[in-house]
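Enquirer: Provided herewith is a single structure, encoded as structure tokens, for subsequent inquiry.
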Amino acid sequence: MVVLGVALVVLAGCGSKTAETHAEATEAVTAAAWTLAAPIRIDGVRAADGGRSLVVDAEVPDGARDCVRGLRGELDTVEHGVVYVKVTYETRSLDQGSGCTGTRRVEATVKLGEPLGSRRVMVNSMDVYTPVGAVLPALRQCGENGCDPTPPRCTSSSYRQAVNDTDIPKHTSWEERGCDGSWLVLDLSTRMGPACGDAGDGCSSSSVSRRWFYQADSSGWRPVATSGDAGCGGIHKALPEMPEHLCASLPRLDRG
């Protein structure tokens, strides 16, 4: 009886050790699955606490299990009139078996210590927001043309801004067909086909062209119509107010 009792104690001890070892292994695997990450995207930034804090709206992974922990918003540095902030969290979403296949919106608060004033805010070294010209407390997001787009001008830099604001592929070239400060006509050409060298090397490529008409507004050139017809007949059907002097001598557009 004594021997049997000792054996049971030993077996019980082994079972306890096995359970502890399994728990430790499981904990180690779980810990390894958590990875530091930045938000999928930033949805907006707004001022709070009299401008002494920022609230960053962000999109993060979501699923049936816990997918996000340790959400943090912190002030990184302030340089040259720009407030740099970071938003981070830990996530399991990089693990294919985590089930973190959805998304949800979260808020991260960043304490500034002093009022934001007119300074810009850069989140995670990517998205830029400014209080200037914004409907506070929400800040205004800056676009590809910066926080303060140049007013419409008959200049090359202004034409580039117009092209950037047009729903066309990147790396599109342009040819100015007419500009008077209120209206602008550009022929935009986008190269199509595989990327290759010179045509003489057996490489063939083509381009697609469209003629766009723009009207000036406070933020720059606004695309308002497109037509490839010669003269004013085609564009006047869609945009009768287009000045005659900008369309009368337009050639028919070769669409490529």
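Starting from 1 in every chain, residues are counted up; chains themselves are A, B, ... following the order of the structure tokens, and ligands are numbered from 1 as listed.
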From a DSSP calculation on the backbone, collect every residue of region 39-221 of chain A in strand (DSSP E or B) and output the set as an NGL selection string.
Expert: :A and (41-48 or 53-62 or 68-79 or 82-91 or 102-111 or 120-123 or 127-130 or 138 or 140-141 or 143 or 146 or 173-179 or 183-192 or 206-217 or 220-221)
Enquirer: Which residues, written as an NGL selection string, have at least one atom at most 9 Å from Gln215 (chain A), with only C-alpha atoms counted and residues fewer than 3 positions away on the same chain left out?
Expert: :A and (152 or 181-184 or 220-224)
Enquirer: From the options A:Val163, A:Ala47, A:Ala225, A:Leu71, which residue's atoms come nearest to Arg140 (chain A), counting only C-alpha atoms?
Expert: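 Counting only C-alpha atoms, the residue closest to Arg140 (chain A) is A:Ala47.
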Enquirer: Considering only C-alpha atoms, can you say which of A:Cys142, A:Met242, A:Leu253, A:Ala230 comes closest to Leu188 (chain A)?
Expert: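 Closest candidate: A:Leu253.
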Enquirer: Under the rule that only C-alpha atoms are counted, which of A:Leu36, A:Cys179, A:Cys67, A:Ile168 is the nearest residue to Glu244 (chain A)?
Expert: A:Cys179
Enquirer: So the first atom is CA of Gly146 (chain A) and the second is CA of Trp174 (chain A); what is the distance between them in Å, to one decimal place?
Expert: 20.9 Å
Enquirer: Quick one: residues within 8 Å of region 91-107 of chain A, only C-alpha atoms, excluding same-chain residues fewer than 2 positions away - as a compact mmCIF listing (two decimals) with C-alpha atoms, in the first residue's frame?
Expert:
```txt
# COMPACT_ATOMS: atom_id res chain seq x y z
CA ALA A 33 2.35 35.91 -32.30
CA TRP A 34 1.97 39.52 -31.16
CA THR A 35 3.77 41.95 -33.47
CA LEU A 36 4.24 45.71 -33.19
CA ALA A 37 2.46 47.48 -36.05
CA VAL A 55 -7.31 62.35 -31.22
CA VAL A 56 -6.25 60.15 -34.13
CA ASP A 57 -8.93 58.01 -35.79
CA ALA A 58 -7.33 54.88 -37.20
CA GLU A 59 -8.29 51.57 -38.78
CA VAL A 60 -6.85 48.41 -37.22
CA PRO A 61 -7.32 44.63 -37.66
CA ASP A 62 -10.31 42.89 -36.11
CA GLY A 63 -11.67 39.37 -35.89
CA ALA A 64 -13.17 36.71 -33.64
CA ARG A 65 -10.15 36.71 -31.29
CA ASP A 66 -8.28 39.57 -29.70
CA CYS A 67 -6.44 41.17 -32.61
CA VAL A 68 -5.15 44.41 -31.11
CA ARG A 69 -3.66 45.30 -27.77
CA TYR A 89 -0.26 48.74 -31.31
CA THR A 109 -5.09 60.14 -27.92
```
Enquirer: If we count only C-alpha atoms, what is near Gly234 (chain A) at a cut-off of 12 Å, once residues fewer than 6 positions away on the same chain are taken out, given as a compact mmCIF listing (two decimals) with all heavy atoms, in the first residue's frame?
Expert:
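Generated output (out_23.txt):
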```
# COMPACT_ATOMS: atom_id res chain seq x y z
N ARG A 211 -8.31 64.78 -73.87
CA ARG A 211 -8.24 66.23 -73.70
C ARG A 211 -9.16 66.63 -72.56
O ARG A 211 -10.36 66.33 -72.54
CB ARG A 211 -8.67 66.93 -74.99
CG ARG A 211 -8.71 68.47 -74.88
CD ARG A 211 -8.88 69.10 -76.26
NE ARG A 211 -7.71 68.83 -77.07
CZ ARG A 211 -7.75 68.67 -78.41
NH1 ARG A 211 -8.91 68.72 -79.05
NH2 ARG A 211 -6.63 68.45 -79.08
N PHE A 213 -10.60 69.71 -69.89
CA PHE A 213 -10.88 71.13 -69.72
C PHE A 213 -11.03 71.41 -68.23
O PHE A 213 -11.73 70.67 -67.52
CB PHE A 213 -12.15 71.53 -70.48
CG PHE A 213 -12.04 71.35 -71.97
CD1 PHE A 213 -12.21 70.09 -72.55
CD2 PHE A 213 -11.74 72.43 -72.79
CE1 PHE A 213 -12.10 69.92 -73.92
CE2 PHE A 213 -11.63 72.27 -74.17
CZ PHE A 213 -11.80 71.01 -74.73
N ALA A 225 -14.60 68.81 -67.75
CA ALA A 225 -15.14 68.14 -68.94
C ALA A 225 -13.99 67.59 -69.77
O ALA A 225 -12.82 67.94 -69.58
CB ALA A 225 -15.96 69.11 -69.78
N THR A 226 -14.35 66.69 -70.69
CA THR A 226 -13.36 66.14 -71.62
C THR A 226 -13.99 66.00 -73.00
O THR A 226 -15.18 65.68 -73.13
CB THR A 226 -12.84 64.78 -71.13
OG1 THR A 226 -11.87 64.28 -72.05
CG2 THR A 226 -13.97 63.77 -70.98
N SER A 227 -13.21 66.28 -74.03
CA SER A 227 -13.67 66.15 -75.41
C SER A 227 -12.47 66.13 -76.32
O SER A 227 -11.53 66.91 -76.12
CB SER A 227 -14.60 67.30 -75.80
OG SER A 227 -14.91 67.26 -77.18
N GLY A 228 -12.49 65.27 -77.33
CA GLY A 228 -11.37 65.19 -78.26
C GLY A 228 -11.67 65.78 -79.61
O GLY A 228 -10.87 65.65 -80.54
N PRO A 240 -20.93 74.81 -72.46
CA PRO A 240 -21.17 75.95 -73.35
C PRO A 240 -20.46 77.23 -72.93
O PRO A 240 -20.23 78.11 -73.76
CB PRO A 240 -22.70 76.13 -73.29
CG PRO A 240 -23.14 75.42 -72.06
CD PRO A 240 -22.18 74.30 -71.86
N MET A 242 -17.37 77.52 -72.09
CA MET A 242 -15.95 77.53 -72.46
C MET A 242 -15.69 78.65 -73.46
O MET A 242 -16.34 78.74 -74.50
CB MET A 242 -15.57 76.18 -73.06
CG MET A 242 -14.19 76.11 -73.70
SD MET A 242 -12.81 76.49 -72.58
CE MET A 242 -12.99 75.19 -71.36
N CYS A 247 -10.89 77.29 -77.57
CA CYS A 247 -11.25 76.04 -78.23
C CYS A 247 -11.35 76.14 -79.75
O CYS A 247 -11.34 75.12 -80.44
CB CYS A 247 -12.56 75.48 -77.66
SG CYS A 247 -13.99 76.58 -77.80
N ALA A 248 -11.44 77.35 -80.30
CA ALA A 248 -11.68 77.51 -81.74
C ALA A 248 -10.62 76.83 -82.59
O ALA A 248 -10.93 76.24 -83.64
CB ALA A 248 -11.77 79.00 -82.08
N LEU A 250 -8.54 74.33 -81.67
CA LEU A 250 -8.11 73.02 -81.17
C LEU A 250 -8.16 71.98 -82.29
O LEU A 250 -9.18 71.84 -82.98
CB LEU A 250 -9.01 72.56 -80.02
CG LEU A 250 -8.84 73.28 -78.68
CD1 LEU A 250 -9.88 72.78 -77.68
CD2 LEU A 250 -7.44 73.09 -78.11
N PRO A 251 -7.08 71.21 -82.48
CA PRO A 251 -7.12 70.13 -83.47
C PRO A 251 -7.84 68.92 -82.91
O PRO A 251 -8.01 68.80 -81.70
CB PRO A 251 -5.62 69.82 -83.69
CG PRO A 251 -5.01 70.14 -82.36
CD PRO A 251 -5.76 71.31 -81.82
N ARG A 252 -8.27 68.03 -83.77
CA ARG A 252 -8.86 66.78 -83.29
C ARG A 252 -7.78 65.99 -82.57
O ARG A 252 -6.65 65.91 -83.02
CB ARG A 252 -9.43 65.96 -84.46
CG ARG A 252 -10.08 64.64 -84.02
CD ARG A 252 -10.75 63.96 -85.19
NE ARG A 252 -11.86 64.75 -85.67
CZ ARG A 252 -13.09 64.75 -85.14
NH1 ARG A 252 -13.32 64.00 -84.08
NH2 ARG A 252 -14.03 65.49 -85.65
N LEU A 253 -8.15 65.44 -81.43
CA LEU A 253 -7.19 64.73 -80.62
C LEU A 253 -6.93 63.34 -81.16
O LEU A 253 -7.86 62.58 -81.43
CB LEU A 253 -7.70 64.62 -79.17
CG LEU A 253 -6.80 63.89 -78.19
CD1 LEU A 253 -5.50 64.65 -77.98
CD2 LEU A 253 -7.49 63.70 -76.85
```
